[in-house]
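This is protein.tsv (TSV, C-alpha atoms and all ligand atoms).
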```
chain	number	residue	atom	x	y	z
A	29	PHE	CA	22.85	-71.79	-55.67
A	30	ILE	CA	23.43	-75.50	-56.10
A	31	GLU	CA	25.98	-76.97	-58.44
A	32	LYS	CA	24.84	-80.00	-60.44
A	33	ARG	CA	27.16	-82.30	-58.50
A	34	LEU	CA	24.95	-85.33	-59.11
A	35	ALA	CA	24.21	-84.71	-62.80
A	36	GLY	CA	23.49	-87.98	-64.61
A	37	LYS	CA	23.32	-90.00	-61.36
A	38	GLN	CA	20.40	-92.18	-60.28
A	39	VAL	CA	19.63	-91.78	-56.58
A	40	LEU	CA	17.37	-94.11	-54.61
A	41	LEU	CA	16.17	-93.05	-51.14
A	42	THR	CA	14.00	-94.43	-48.38
A	43	ALA	CA	12.14	-92.05	-46.08
A	44	GLY	CA	9.51	-91.91	-43.38
A	45	PRO	CA	8.42	-94.62	-40.96
A	46	THR	CA	7.17	-98.11	-41.75
A	47	PHE	CA	3.90	-99.45	-40.36
A	48	GLU	CA	3.56	-103.10	-39.34
A	49	PRO	CA	-0.07	-104.21	-39.06
A	50	ILE	CA	-1.32	-106.05	-35.94
A	51	ASP	CA	-4.90	-106.35	-37.23
A	52	ALA	CA	-7.21	-104.47	-39.61
A	53	VAL	CA	-7.04	-101.23	-37.61
A	54	ARG	CA	-3.89	-101.40	-35.46
A	55	GLY	CA	-0.18	-101.51	-35.98
A	56	ILE	CA	3.36	-100.87	-34.79
A	57	THR	CA	5.31	-97.94	-36.14
A	58	ASN	CA	8.31	-95.69	-35.54
A	59	VAL	CA	8.32	-91.95	-34.96
A	60	SER	CA	9.43	-90.29	-38.20
A	61	SER	CA	8.03	-87.25	-39.98
A	62	GLY	CA	9.90	-88.01	-43.21
A	63	LYS	CA	11.17	-84.41	-43.31
A	64	MET	CA	14.89	-85.25	-43.49
A	65	GLY	CA	14.43	-87.88	-46.23
A	66	TYR	CA	12.19	-85.64	-48.31
A	67	ALA	CA	14.65	-82.73	-47.91
A	68	LEU	CA	17.42	-85.04	-49.17
A	69	ALA	CA	15.30	-86.16	-52.12
A	70	ARG	CA	14.82	-82.50	-53.10
A	71	ALA	CA	18.52	-81.73	-52.59
A	72	CYS	CA	19.54	-84.66	-54.83
A	73	ARG	CA	17.05	-83.50	-57.47
A	74	ASP	CA	18.43	-79.95	-57.26
A	75	ALA	CA	21.94	-81.37	-57.69
A	76	GLY	CA	20.87	-82.85	-61.03
A	77	ALA	CA	20.14	-86.46	-60.03
A	78	GLU	CA	17.21	-88.59	-61.15
A	79	VAL	CA	15.53	-89.41	-57.86
A	80	THR	CA	13.34	-92.31	-56.76
A	81	LEU	CA	11.88	-92.01	-53.26
A	82	VAL	CA	10.52	-95.12	-51.55
A	83	SER	CA	8.34	-93.62	-48.84
A	84	GLY	CA	6.54	-95.02	-45.84
A	85	PRO	CA	3.34	-93.31	-44.65
A	86	THR	CA	3.90	-89.53	-44.22
A	87	SER	CA	1.75	-86.45	-44.75
A	88	LEU	CA	4.38	-84.78	-46.97
A	89	PRO	CA	3.75	-83.90	-50.62
A	90	CYS	CA	5.80	-85.72	-53.27
A	91	PRO	CA	8.59	-83.33	-54.35
A	92	VAL	CA	8.17	-82.07	-57.92
A	93	GLY	CA	10.33	-84.03	-60.35
A	94	VAL	CA	10.82	-86.93	-57.92
A	95	ARG	CA	9.40	-90.40	-58.59
A	96	ARG	CA	7.76	-91.67	-55.40
A	97	LEU	CA	6.86	-95.26	-54.62
A	98	ASP	CA	4.51	-95.50	-51.64
A	99	VAL	CA	4.91	-98.42	-49.25
A	100	VAL	CA	3.54	-99.28	-45.83
A	101	SER	CA	5.53	-102.09	-44.22
A	102	ALA	CA	9.26	-102.80	-44.03
A	103	ALA	CA	8.77	-105.88	-46.21
A	104	GLU	CA	7.18	-103.70	-48.92
A	105	MET	CA	9.98	-101.14	-48.58
A	106	HIS	CA	12.59	-103.90	-48.87
A	107	GLN	CA	10.92	-105.30	-51.99
A	108	ALA	CA	10.59	-101.87	-53.67
A	109	VAL	CA	14.25	-101.06	-52.95
A	110	LEU	CA	15.50	-104.39	-54.33
A	111	GLN	CA	13.45	-103.79	-57.47
A	112	GLU	CA	14.97	-100.33	-58.01
A	113	VAL	CA	18.53	-100.70	-56.72
A	114	GLY	CA	20.03	-102.29	-59.86
A	115	ARG	CA	20.02	-99.01	-61.75
A	116	SER	CA	21.01	-96.79	-58.83
A	117	ASP	CA	24.39	-95.09	-58.37
A	118	VAL	CA	23.59	-93.92	-54.85
A	119	PHE	CA	21.34	-95.37	-52.14
A	120	ILE	CA	20.41	-93.18	-49.16
A	121	ALA	CA	18.55	-94.94	-46.34
A	122	VAL	CA	16.77	-92.33	-44.24
A	123	ALA	CA	13.67	-94.33	-43.33
A	124	ALA	CA	12.99	-95.28	-39.71
A	125	VAL	CA	12.33	-98.93	-40.48
A	126	ALA	CA	10.54	-101.02	-37.85
A	127	ASP	CA	12.93	-103.68	-36.62
A	128	TYR	CA	10.14	-106.23	-36.13
A	129	ARG	CA	6.85	-107.16	-37.80
A	130	VAL	CA	3.89	-109.03	-36.34
A	131	LYS	CA	4.04	-112.74	-37.03
A	132	ASN	CA	0.50	-113.55	-35.92
A	133	ARG	CA	-1.30	-110.59	-37.52
A	134	SER	CA	-5.04	-110.84	-37.78
A	135	GLU	CA	-6.93	-109.99	-40.94
A	136	HIS	CA	-9.91	-108.81	-38.89
A	137	LYS	CA	-10.10	-106.42	-35.98
A	138	LEU	CA	-9.24	-108.20	-32.73
A	139	LYS	CA	-12.10	-108.10	-30.25
A	140	LYS	CA	-11.62	-107.52	-26.57
A	141	GLY	CA	-12.02	-110.87	-24.85
A	142	ASP	CA	-11.14	-112.78	-21.75
A	143	SER	CA	-7.39	-112.74	-22.30
A	144	VAL	CA	-4.89	-110.08	-23.33
A	145	PRO	CA	-3.70	-110.84	-26.88
A	146	VAL	CA	-0.09	-111.89	-27.34
A	147	ILE	CA	1.73	-110.21	-30.21
A	148	GLU	CA	4.47	-112.39	-31.69
A	149	LEU	CA	7.25	-110.53	-33.45
A	150	GLU	CA	9.71	-111.55	-36.14
A	151	GLU	CA	12.69	-109.61	-37.42
A	152	ASN	CA	12.49	-107.42	-40.52
A	153	PRO	CA	15.31	-107.46	-43.06
A	154	ASP	CA	17.92	-104.68	-42.72
A	155	ILE	CA	17.43	-102.90	-46.03
A	156	LEU	CA	20.60	-100.79	-45.84
A	157	ALA	CA	22.85	-103.71	-44.85
A	158	THR	CA	21.32	-105.84	-47.63
A	159	VAL	CA	21.98	-103.19	-50.28
A	160	ALA	CA	25.49	-102.40	-48.98
A	161	GLY	CA	26.30	-106.11	-49.20
A	162	LEU	CA	25.25	-106.53	-52.85
A	163	PRO	CA	28.11	-107.44	-55.22
A	164	ALA	CA	27.34	-104.35	-57.36
A	165	ALA	CA	26.30	-102.13	-54.46
A	166	PRO	CA	25.62	-98.46	-55.16
A	167	PHE	CA	27.37	-95.85	-52.99
A	168	CYS	CA	25.46	-96.23	-49.70
A	169	VAL	CA	24.60	-93.56	-47.17
A	170	GLY	CA	23.01	-94.46	-43.84
A	171	PHE	CA	21.52	-92.56	-40.92
A	172	ALA	CA	21.79	-93.29	-37.23
A	173	ALA	CA	19.54	-91.66	-34.69
A	174	GLU	CA	20.86	-92.44	-31.22
A	175	SER	CA	19.71	-91.17	-27.86
A	176	GLN	CA	23.14	-91.48	-26.20
A	177	ASN	CA	26.85	-92.19	-26.99
A	178	LEU	CA	26.15	-90.77	-30.44
A	179	LEU	CA	29.53	-91.00	-32.16
A	180	GLU	CA	30.54	-94.36	-30.70
A	181	PHE	CA	27.22	-96.09	-31.50
A	182	ALA	CA	27.04	-94.48	-34.95
A	183	GLU	CA	30.58	-95.45	-35.98
A	184	THR	CA	29.95	-99.02	-34.81
A	185	LYS	CA	26.79	-99.03	-36.97
A	186	ARG	CA	28.70	-97.63	-39.98
A	187	ARG	CA	31.24	-100.45	-39.77
A	188	ARG	CA	28.68	-103.19	-39.12
A	189	LYS	CA	26.49	-102.15	-42.07
A	190	LYS	CA	29.60	-101.46	-44.22
A	191	VAL	CA	28.52	-98.04	-45.48
A	192	PRO	CA	31.09	-95.44	-46.56
A	193	LEU	CA	29.05	-92.51	-45.23
A	194	LEU	CA	26.81	-92.37	-42.18
A	195	VAL	CA	24.88	-89.37	-40.87
A	196	ALA	CA	24.60	-89.38	-37.08
A	197	ASN	CA	22.11	-87.34	-35.10
A	198	LEU	CA	20.58	-87.28	-31.65
A	199	ALA	CA	17.09	-88.75	-31.83
A	200	GLN	CA	15.64	-86.31	-29.26
A	201	GLN	CA	16.83	-83.37	-31.36
A	202	ALA	CA	15.94	-84.54	-34.86
A	203	MET	CA	12.51	-86.06	-34.61
A	204	GLY	CA	9.76	-83.97	-36.16
A	205	ALA	CA	11.91	-80.83	-36.03
A	206	ASP	CA	12.69	-78.52	-38.94
A	207	HIS	CA	16.31	-78.14	-37.83
A	208	ASN	CA	18.92	-80.79	-37.24
A	209	GLU	CA	22.50	-81.04	-35.97
A	210	VAL	CA	24.39	-83.92	-37.55
A	211	VAL	CA	27.85	-85.41	-37.70
A	212	LEU	CA	29.01	-87.00	-40.97
A	213	LEU	CA	31.10	-90.14	-40.42
A	214	ASP	CA	33.30	-91.51	-43.18
A	215	ASP	CA	36.64	-93.34	-43.51
A	216	ALA	CA	38.46	-90.05	-42.84
A	217	GLY	CA	36.67	-89.53	-39.49
A	218	ALA	CA	33.95	-87.34	-38.02
A	219	HIS	CA	32.77	-84.11	-39.66
A	220	PRO	CA	30.35	-82.18	-37.41
A	221	LEU	CA	27.91	-79.69	-38.96
A	222	PRO	CA	26.31	-76.80	-37.05
A	223	VAL	CA	22.58	-76.67	-36.25
A	224	LEU	CA	20.92	-75.99	-39.61
A	225	PRO	CA	17.50	-76.19	-41.23
A	226	LYS	CA	16.99	-79.72	-42.63
A	227	GLU	CA	17.07	-78.21	-46.14
A	228	GLN	CA	20.66	-77.03	-45.56
A	229	VAL	CA	21.69	-80.22	-43.78
A	230	ALA	CA	20.49	-82.06	-46.91
A	231	HIS	CA	22.57	-79.85	-49.20
A	232	ALA	CA	25.67	-80.39	-47.04
A	233	ILE	CA	25.16	-84.17	-47.14
A	234	VAL	CA	24.80	-84.07	-50.93
A	235	ALA	CA	27.99	-82.03	-51.30
A	236	HIS	CA	29.86	-84.46	-49.04
A	237	LEU	CA	28.62	-87.61	-50.77
A	238	ALA	CA	29.24	-86.17	-54.24
A	239	ALA	CA	32.88	-85.58	-53.27
A	240	LEU	CA	33.22	-89.19	-52.07
A	241	LEU	CA	31.43	-90.71	-55.05
A	242	PRO	CA	33.72	-92.94	-57.09
A	243	GLN	CA	34.14	-91.79	-60.70
A	244	ARG	CA	32.36	-94.12	-63.10
B	1	LIG	O1	17.63	-98.79	-37.17
B	1	LIG	P1	19.09	-98.47	-37.33
B	1	LIG	O2	19.58	-97.47	-36.34
B	1	LIG	O3	19.95	-99.68	-37.47
B	1	LIG	O4	19.15	-97.70	-38.74
B	1	LIG	C1	20.34	-97.24	-39.27
B	1	LIG	C2	20.24	-97.11	-40.77
B	1	LIG	O5	19.82	-98.35	-41.35
B	1	LIG	C3	19.26	-96.07	-41.30
B	1	LIG	O6	19.87	-95.51	-42.45
B	1	LIG	C4	18.04	-96.88	-41.67
B	1	LIG	O7	17.30	-96.30	-42.71
B	1	LIG	C5	18.65	-98.20	-42.11
B	1	LIG	N1	17.79	-99.38	-41.87
B	1	LIG	C6	17.29	-100.13	-42.93
B	1	LIG	N2	16.53	-101.26	-42.69
B	1	LIG	C7	16.25	-101.64	-41.42
B	1	LIG	C8	16.75	-100.89	-40.33
B	1	LIG	C9	17.51	-99.78	-40.59
B	1	LIG	O8	17.53	-99.77	-44.09
B	1	LIG	N3	15.52	-102.73	-41.22
```
As structure tokens - that is how I would like this structure written.
Ligand code: C5P
Amino acid sequence: FIEKRLAGKQVLLTAGPTFEPIDAVRGITNVSSGKMGYALARACRDAGAEVTLVSGPTSLPCPVGVRRLDVVSAAEMHQAVLQEVGRSDVFIAVAAVADYRVKNRSEHKLKKGDSVPVIELEENPDILATVAGLPAAPFCVGFAAESQNLLEFAETKRRRKKVPLLVANLAQQAMGADHNEVVLLDDAGAHPLPVLPKEQVAHAIVAHLAALLPQR
């Protein structure tokens, strides 16, 4: 049973990986199944929110009642989020965004030649930090998947990106799995959750963020 804790709220989420093309058939991507982001989209919907999901390439079906905008690259995800964020009360960044894109991408398939091709990279915008820094920023929730020093790295990230709520998990444990063990970090400190199915982790995150949400 889920209370309608987000009734009347507009929630914008990012989920899945991004894909940065190198040429017509190759690219750089991150490991992300999209499961956690999609579970959160469903949990927000079940809590009564109107949900828009900006999704990178995944094999998951669009949740019923959720508006999905499909994107491929980080630049496209950034653009879609900026277009939608104005009418959002909550922004939840779950996507595993590629930190870099290919500067010298080729329109056509690169052919094997005499020399090994050199891939030049340039930095992608940080979507979460951009949104959190907007003058009329929605309530922002971030994720941090770390492979070591989880709480220290995650809390540093929470402060740097200026988000009130950050969900920390160990990358080795979370990726592709149906269960997750997370710690919620907010101004009051660290709130660890037990190992739970991603569906229940999502419901716990929604309950926590709804309690922190400023009254409007
Ligand atoms: O990659 P990083 O560990 O910094 O990601 C932490 C949080 O920032 C995640 O919520 C992720 O979705 C978000 N992020 C983003 N845009 C980026 C990189 C990360 O929104 N370019």
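If you measure from each of A:His219, A:Lys190, A:Lys140, A:His207 to ligand LIG 1 (chain B) using all atoms listed in the file, the closest one turns out to be A:Lys190.
Between ligand LIG 1 (chain B) and the candidates A:Lys189, A:Arg70, A:Arg54, A:Arg115, the tightest atom-to-atom separation, counting all atoms listed in the file, involves A:Lys189.
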Surroundings of ligand LIG 1 (chain B) up to 7 Å, based on all atoms listed in the file, as a PyMOL selection string: chain A and resi 42+102+121-127+152-157+169-173+185
For the residues in the current selection, export C-alpha atoms as a PDB file, in the coordinates of the input.
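Here's the written file selection.pdb:
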```
ATOM      1  CA  THR A  42      14.000 -94.430 -48.380  1.00  0.00           C
ATOM      2  CA  ALA A 102       9.260-102.800 -44.030  1.00  0.00           C
ATOM      3  CA  ALA A 121      18.550 -94.940 -46.340  1.00  0.00           C
ATOM      4  CA  VAL A 122      16.770 -92.330 -44.240  1.00  0.00           C
ATOM      5  CA  ALA A 123      13.670 -94.330 -43.330  1.00  0.00           C
ATOM      6  CA  ALA A 124      12.990 -95.280 -39.710  1.00  0.00           C
ATOM      7  CA  VAL A 125      12.330 -98.930 -40.480  1.00  0.00           C
ATOM      8  CA  ALA A 126      10.540-101.020 -37.850  1.00  0.00           C
ATOM      9  CA  ASP A 127      12.930-103.680 -36.620  1.00  0.00           C
ATOM     10  CA  ASN A 152      12.490-107.420 -40.520  1.00  0.00           C
ATOM     11  CA  PRO A 153      15.310-107.460 -43.060  1.00  0.00           C
ATOM     12  CA  ASP A 154      17.920-104.680 -42.720  1.00  0.00           C
ATOM     13  CA  ILE A 155      17.430-102.900 -46.030  1.00  0.00           C
ATOM     14  CA  LEU A 156      20.600-100.790 -45.840  1.00  0.00           C
ATOM     15  CA  ALA A 157      22.850-103.710 -44.850  1.00  0.00           C
ATOM     16  CA  VAL A 169      24.600 -93.560 -47.170  1.00  0.00           C
ATOM     17  CA  GLY A 170      23.010 -94.460 -43.840  1.00  0.00           C
ATOM     18  CA  PHE A 171      21.520 -92.560 -40.920  1.00  0.00           C
ATOM     19  CA  ALA A 172      21.790 -93.290 -37.230  1.00  0.00           C
ATOM     20  CA  ALA A 173      19.540 -91.660 -34.690  1.00  0.00           C
ATOM     21  CA  LYS A 185      26.790 -99.030 -36.970  1.00  0.00           C
TER      22      LYS A 185
END
```
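Between atom CA of Asp51 of chain A and atom CA of Leu149 of chain A the interatomic distance comes to 13.4 Å.
The spacing separating atom CA of Ala77 of chain A from atom CA of Val118 of chain A amounts to 9.7 Å.
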Selected residue, from A:Gly204, A:Pro89, A:Gly114, A:Gly141, that lies nearest to Pro163 of chain A when counting only C-alpha atoms: A:Gly114
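Nearest to Val159 of chain A of all the residues A:Val211, A:Ala239, A:Val113, A:Val146 is A:Val113, based on only C-alpha atoms.
The interatomic distance for the pair atom CA of Asn177 of chain A and atom CA of Thr158 of chain A works out to 25.4 Å.
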Pick from A:Val59, A:Leu198, A:Val100, A:Ala235 nearest to Gln176 of chain A, counting all atoms listed in the file: A:Leu198
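For Leu224 of chain A, the residues within 10 Å (counting only C-alpha atoms, excluding itself and residues fewer than 3 positions away along the chain) are Asp206, His207, Asn208, Glu209, Val210, Leu221, Glu227, Gln228, Val229, Ala230 and Ala232 of chain A.
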Top pick for closest residue to Ala108 of chain A, considering A:Arg96, A:Arg33, A:Arg187, A:Lys139 and counting only C-alpha atoms: A:Arg96
Long-range neighbours of Tyr66 of chain A as JSON, numbers by chain, 12 Å cut-off, only C-alpha atoms, 4 positions minimum in chain: {"A": [40, 41, 42, 43, 44, 60, 61, 62, 70, 71, 72, 73, 79, 80, 81, 82, 83, 84, 86, 87, 88, 89, 90, 91, 92, 94, 95, 96, 120, 121, 122, 123, 206, 226, 227, 229, 230, 231]}
Might you pull out every residue within 10 Å of Arg129 of chain A, with only C-alpha atoms counted and same-chain residues fewer than 4 positions away left off, and present them as a compact mmCIF listing (two decimals) with C-alpha atoms, keeping the file's coordinate frame?
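Below is the file result.txt, written as the result:
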```
# COMPACT_ATOMS: atom_id res chain seq x y z
CA THR A 46 7.17 -98.11 -41.75
CA PHE A 47 3.90 -99.45 -40.36
CA GLU A 48 3.56 -103.10 -39.34
CA PRO A 49 -0.07 -104.21 -39.06
CA ILE A 50 -1.32 -106.05 -35.94
CA GLY A 55 -0.18 -101.51 -35.98
CA ILE A 56 3.36 -100.87 -34.79
CA THR A 57 5.31 -97.94 -36.14
CA SER A 101 5.53 -102.09 -44.22
CA ALA A 102 9.26 -102.80 -44.03
CA ALA A 103 8.77 -105.88 -46.21
CA ARG A 133 -1.30 -110.59 -37.52
CA ILE A 147 1.73 -110.21 -30.21
CA GLU A 148 4.47 -112.39 -31.69
CA LEU A 149 7.25 -110.53 -33.45
CA GLU A 150 9.71 -111.55 -36.14
CA GLU A 151 12.69 -109.61 -37.42
CA ASN A 152 12.49 -107.42 -40.52
CA PRO A 153 15.31 -107.46 -43.06
```
Quick one: 3 Å padding each side, axis-aligned, all listed atoms of segment 162-178 of chain A - centre and edge lengths in Å to one decimal, as AutoDock Vina command-line options?
```
--center_x 23.8 --center_y -99.1 --center_z -41.8 --size_x 14.6 --size_y 22.7 --size_z 37.2
```
